[in-house]
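Engineer: Could you have a look at this structure, given as C-alpha cells, before my questions?
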Amino acid sequence: MSREGAPSKQPSSQPAAGTPIWVWVVYAFGILAAAIFTFSALFTLGALVLSNDVPVGTDISAPAIVLWGGLIVAAVVTWLVRRRQRR
C-alpha cells in the first residue's frame, strides 16, 4: 500500500497567518497620537480665532511632542516596512 499521497504528520514550519498583535498595538498608539495632535491643534486654532478680546497663550510641552511624535513615526514606519514587504 502506497503512502505517497498521505499528509505529513510533522508540524508546519510556516508562520501563522494574519497580522501580529504588536503591529496592531503600534498602529493603535499611532492613530491615538495623531488624533491628539490634530484635536490639540484644532482646539488651539479655534481658541485663537474665536477669542477676539481675550489674549490666548499656548504652552507647548517638548516631552509630549517627542512622545506623541515618536508614536506617529513608529506607526508610519511600521506601515511602510510592512507594505514594502508585501511587494
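Every chain in the C-alpha cells has a letter given in the order shown (A, B, ...), and although residue numbers restart at 1 in each chain, ligands are simply numbered from 1 in the order shown.
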Using the chain letters and numbers from this document, which residues of chain A does DSSP assign to helix (DSSP H, G or I), as JSON, numbers by chain?
Structural biologist: {"A": [21, 22, 23, 24, 25, 26, 27, 28, 29, 30, 31, 32, 33, 34, 35, 36, 37, 38, 39, 40, 41, 42, 43, 44, 45, 46, 47, 48, 49, 50, 62, 63, 64, 65, 66, 67, 68, 69, 70, 71, 72, 73, 74, 75, 76, 77, 78, 79, 80, 81, 82, 83, 84, 85, 86]}
Engineer: Contacts of Asp59 in chain A at 12 Å or less, counting only C-alpha atoms, minus same-chain residues fewer than 3 places along, as number ranges by chain?
Structural biologist: A: 40, 44, 56, 62, 64-65
Engineer: For the residues in that selection, give me C-alpha atoms as a PDB file, in the first residue's frame.
Structural biologist:
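The result, written out as part00.pdb:
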```pdb
ATOM      1  CA  SER A  40      -4.974  69.867  20.073  1.00  0.00           C
ATOM      2  CA  THR A  44      -5.779  75.904  19.848  1.00  0.00           C
ATOM      3  CA  VAL A  56      -4.723  83.329  24.325  1.00  0.00           C
ATOM      4  CA  ALA A  62       8.505  69.334  24.354  1.00  0.00           C
ATOM      5  CA  ALA A  64       4.739  65.471  24.826  1.00  0.00           C
ATOM      6  CA  ILE A  65       5.692  66.377  21.266  1.00  0.00           C
TER       7      ILE A  65
END
```
Engineer: For Thr19 in chain A, please output as a ChimeraX atom specification all residues within 12 Å (counting only C-alpha atoms; exclusion window: fewer than 6 positions along the same chain).
Structural biologist: /A:25-27,78-79,82
Engineer: Keeping N, CA, C and O atoms for every residue in the selection just given, could you write it to a file as a compact mmCIF listing (two decimals), in the first residue's frame?
Structural biologist:
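Output saved as selection04.txt:
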```txt
# COMPACT_ATOMS: atom_id res chain seq x y z
N VAL A 25 -0.95 47.07 17.98
CA VAL A 25 -0.70 47.97 19.11
C VAL A 25 0.02 49.23 18.64
O VAL A 25 -0.35 50.35 19.02
N VAL A 26 1.02 49.07 17.79
CA VAL A 26 1.75 50.23 17.25
C VAL A 26 0.81 51.10 16.43
O VAL A 26 0.82 52.33 16.56
N TYR A 27 -0.01 50.49 15.59
CA TYR A 27 -0.98 51.25 14.80
C TYR A 27 -1.96 52.01 15.70
O TYR A 27 -2.26 53.18 15.46
N THR A 78 6.32 51.45 10.63
CA THR A 78 5.82 50.07 10.63
C THR A 78 4.94 49.81 9.41
O THR A 78 5.07 48.79 8.75
N TRP A 79 4.07 50.75 9.12
CA TRP A 79 3.18 50.60 7.96
C TRP A 79 3.98 50.55 6.66
O TRP A 79 3.72 49.70 5.80
N ARG A 82 5.99 47.16 6.43
CA ARG A 82 5.10 46.03 6.13
C ARG A 82 4.54 46.12 4.71
O ARG A 82 4.37 45.11 4.05
```
Engineer: Quote the spacing between CA of Gly70 in chain A and CA of Thr38 in chain A in Å to one decimal place.
Structural biologist: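 The value is 15.0 Å.
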Engineer: Using CA of Leu42 in chain A and CA of Thr58 in chain A as the two end points, give the distance in Å to one decimal.
Structural biologist: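 Computed distance, CA of Leu42 in chain A to CA of Thr58 in chain A, equals 12.8 Å.
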Engineer: Show which residues sit within 10 Å of Ala33 in chain A, as a PyMOL selection string. Count only C-alpha atoms, and ignore same-chain residues fewer than 3 positions away.
Structural biologist: chain A and resi 27-30+36-39+64-65+67-73+75
Engineer: Just the number, please: distance in Å from CA of Arg83 in chain A to CA of Ile31 in chain A, one decimal.
Structural biologist: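 Computing the Euclidean distance for CA of Arg83 in chain A and CA of Ile31 in chain A yields 17.3 Å.
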Engineer: Which residues are near Gly57 in chain A? Cut-off 10 Å, only C-alpha atoms, ignore same chain within fewer than 3 positions. Put them as a PyMOL selection string.
Structural biologist: chain A and resi 44+47-48+54+60
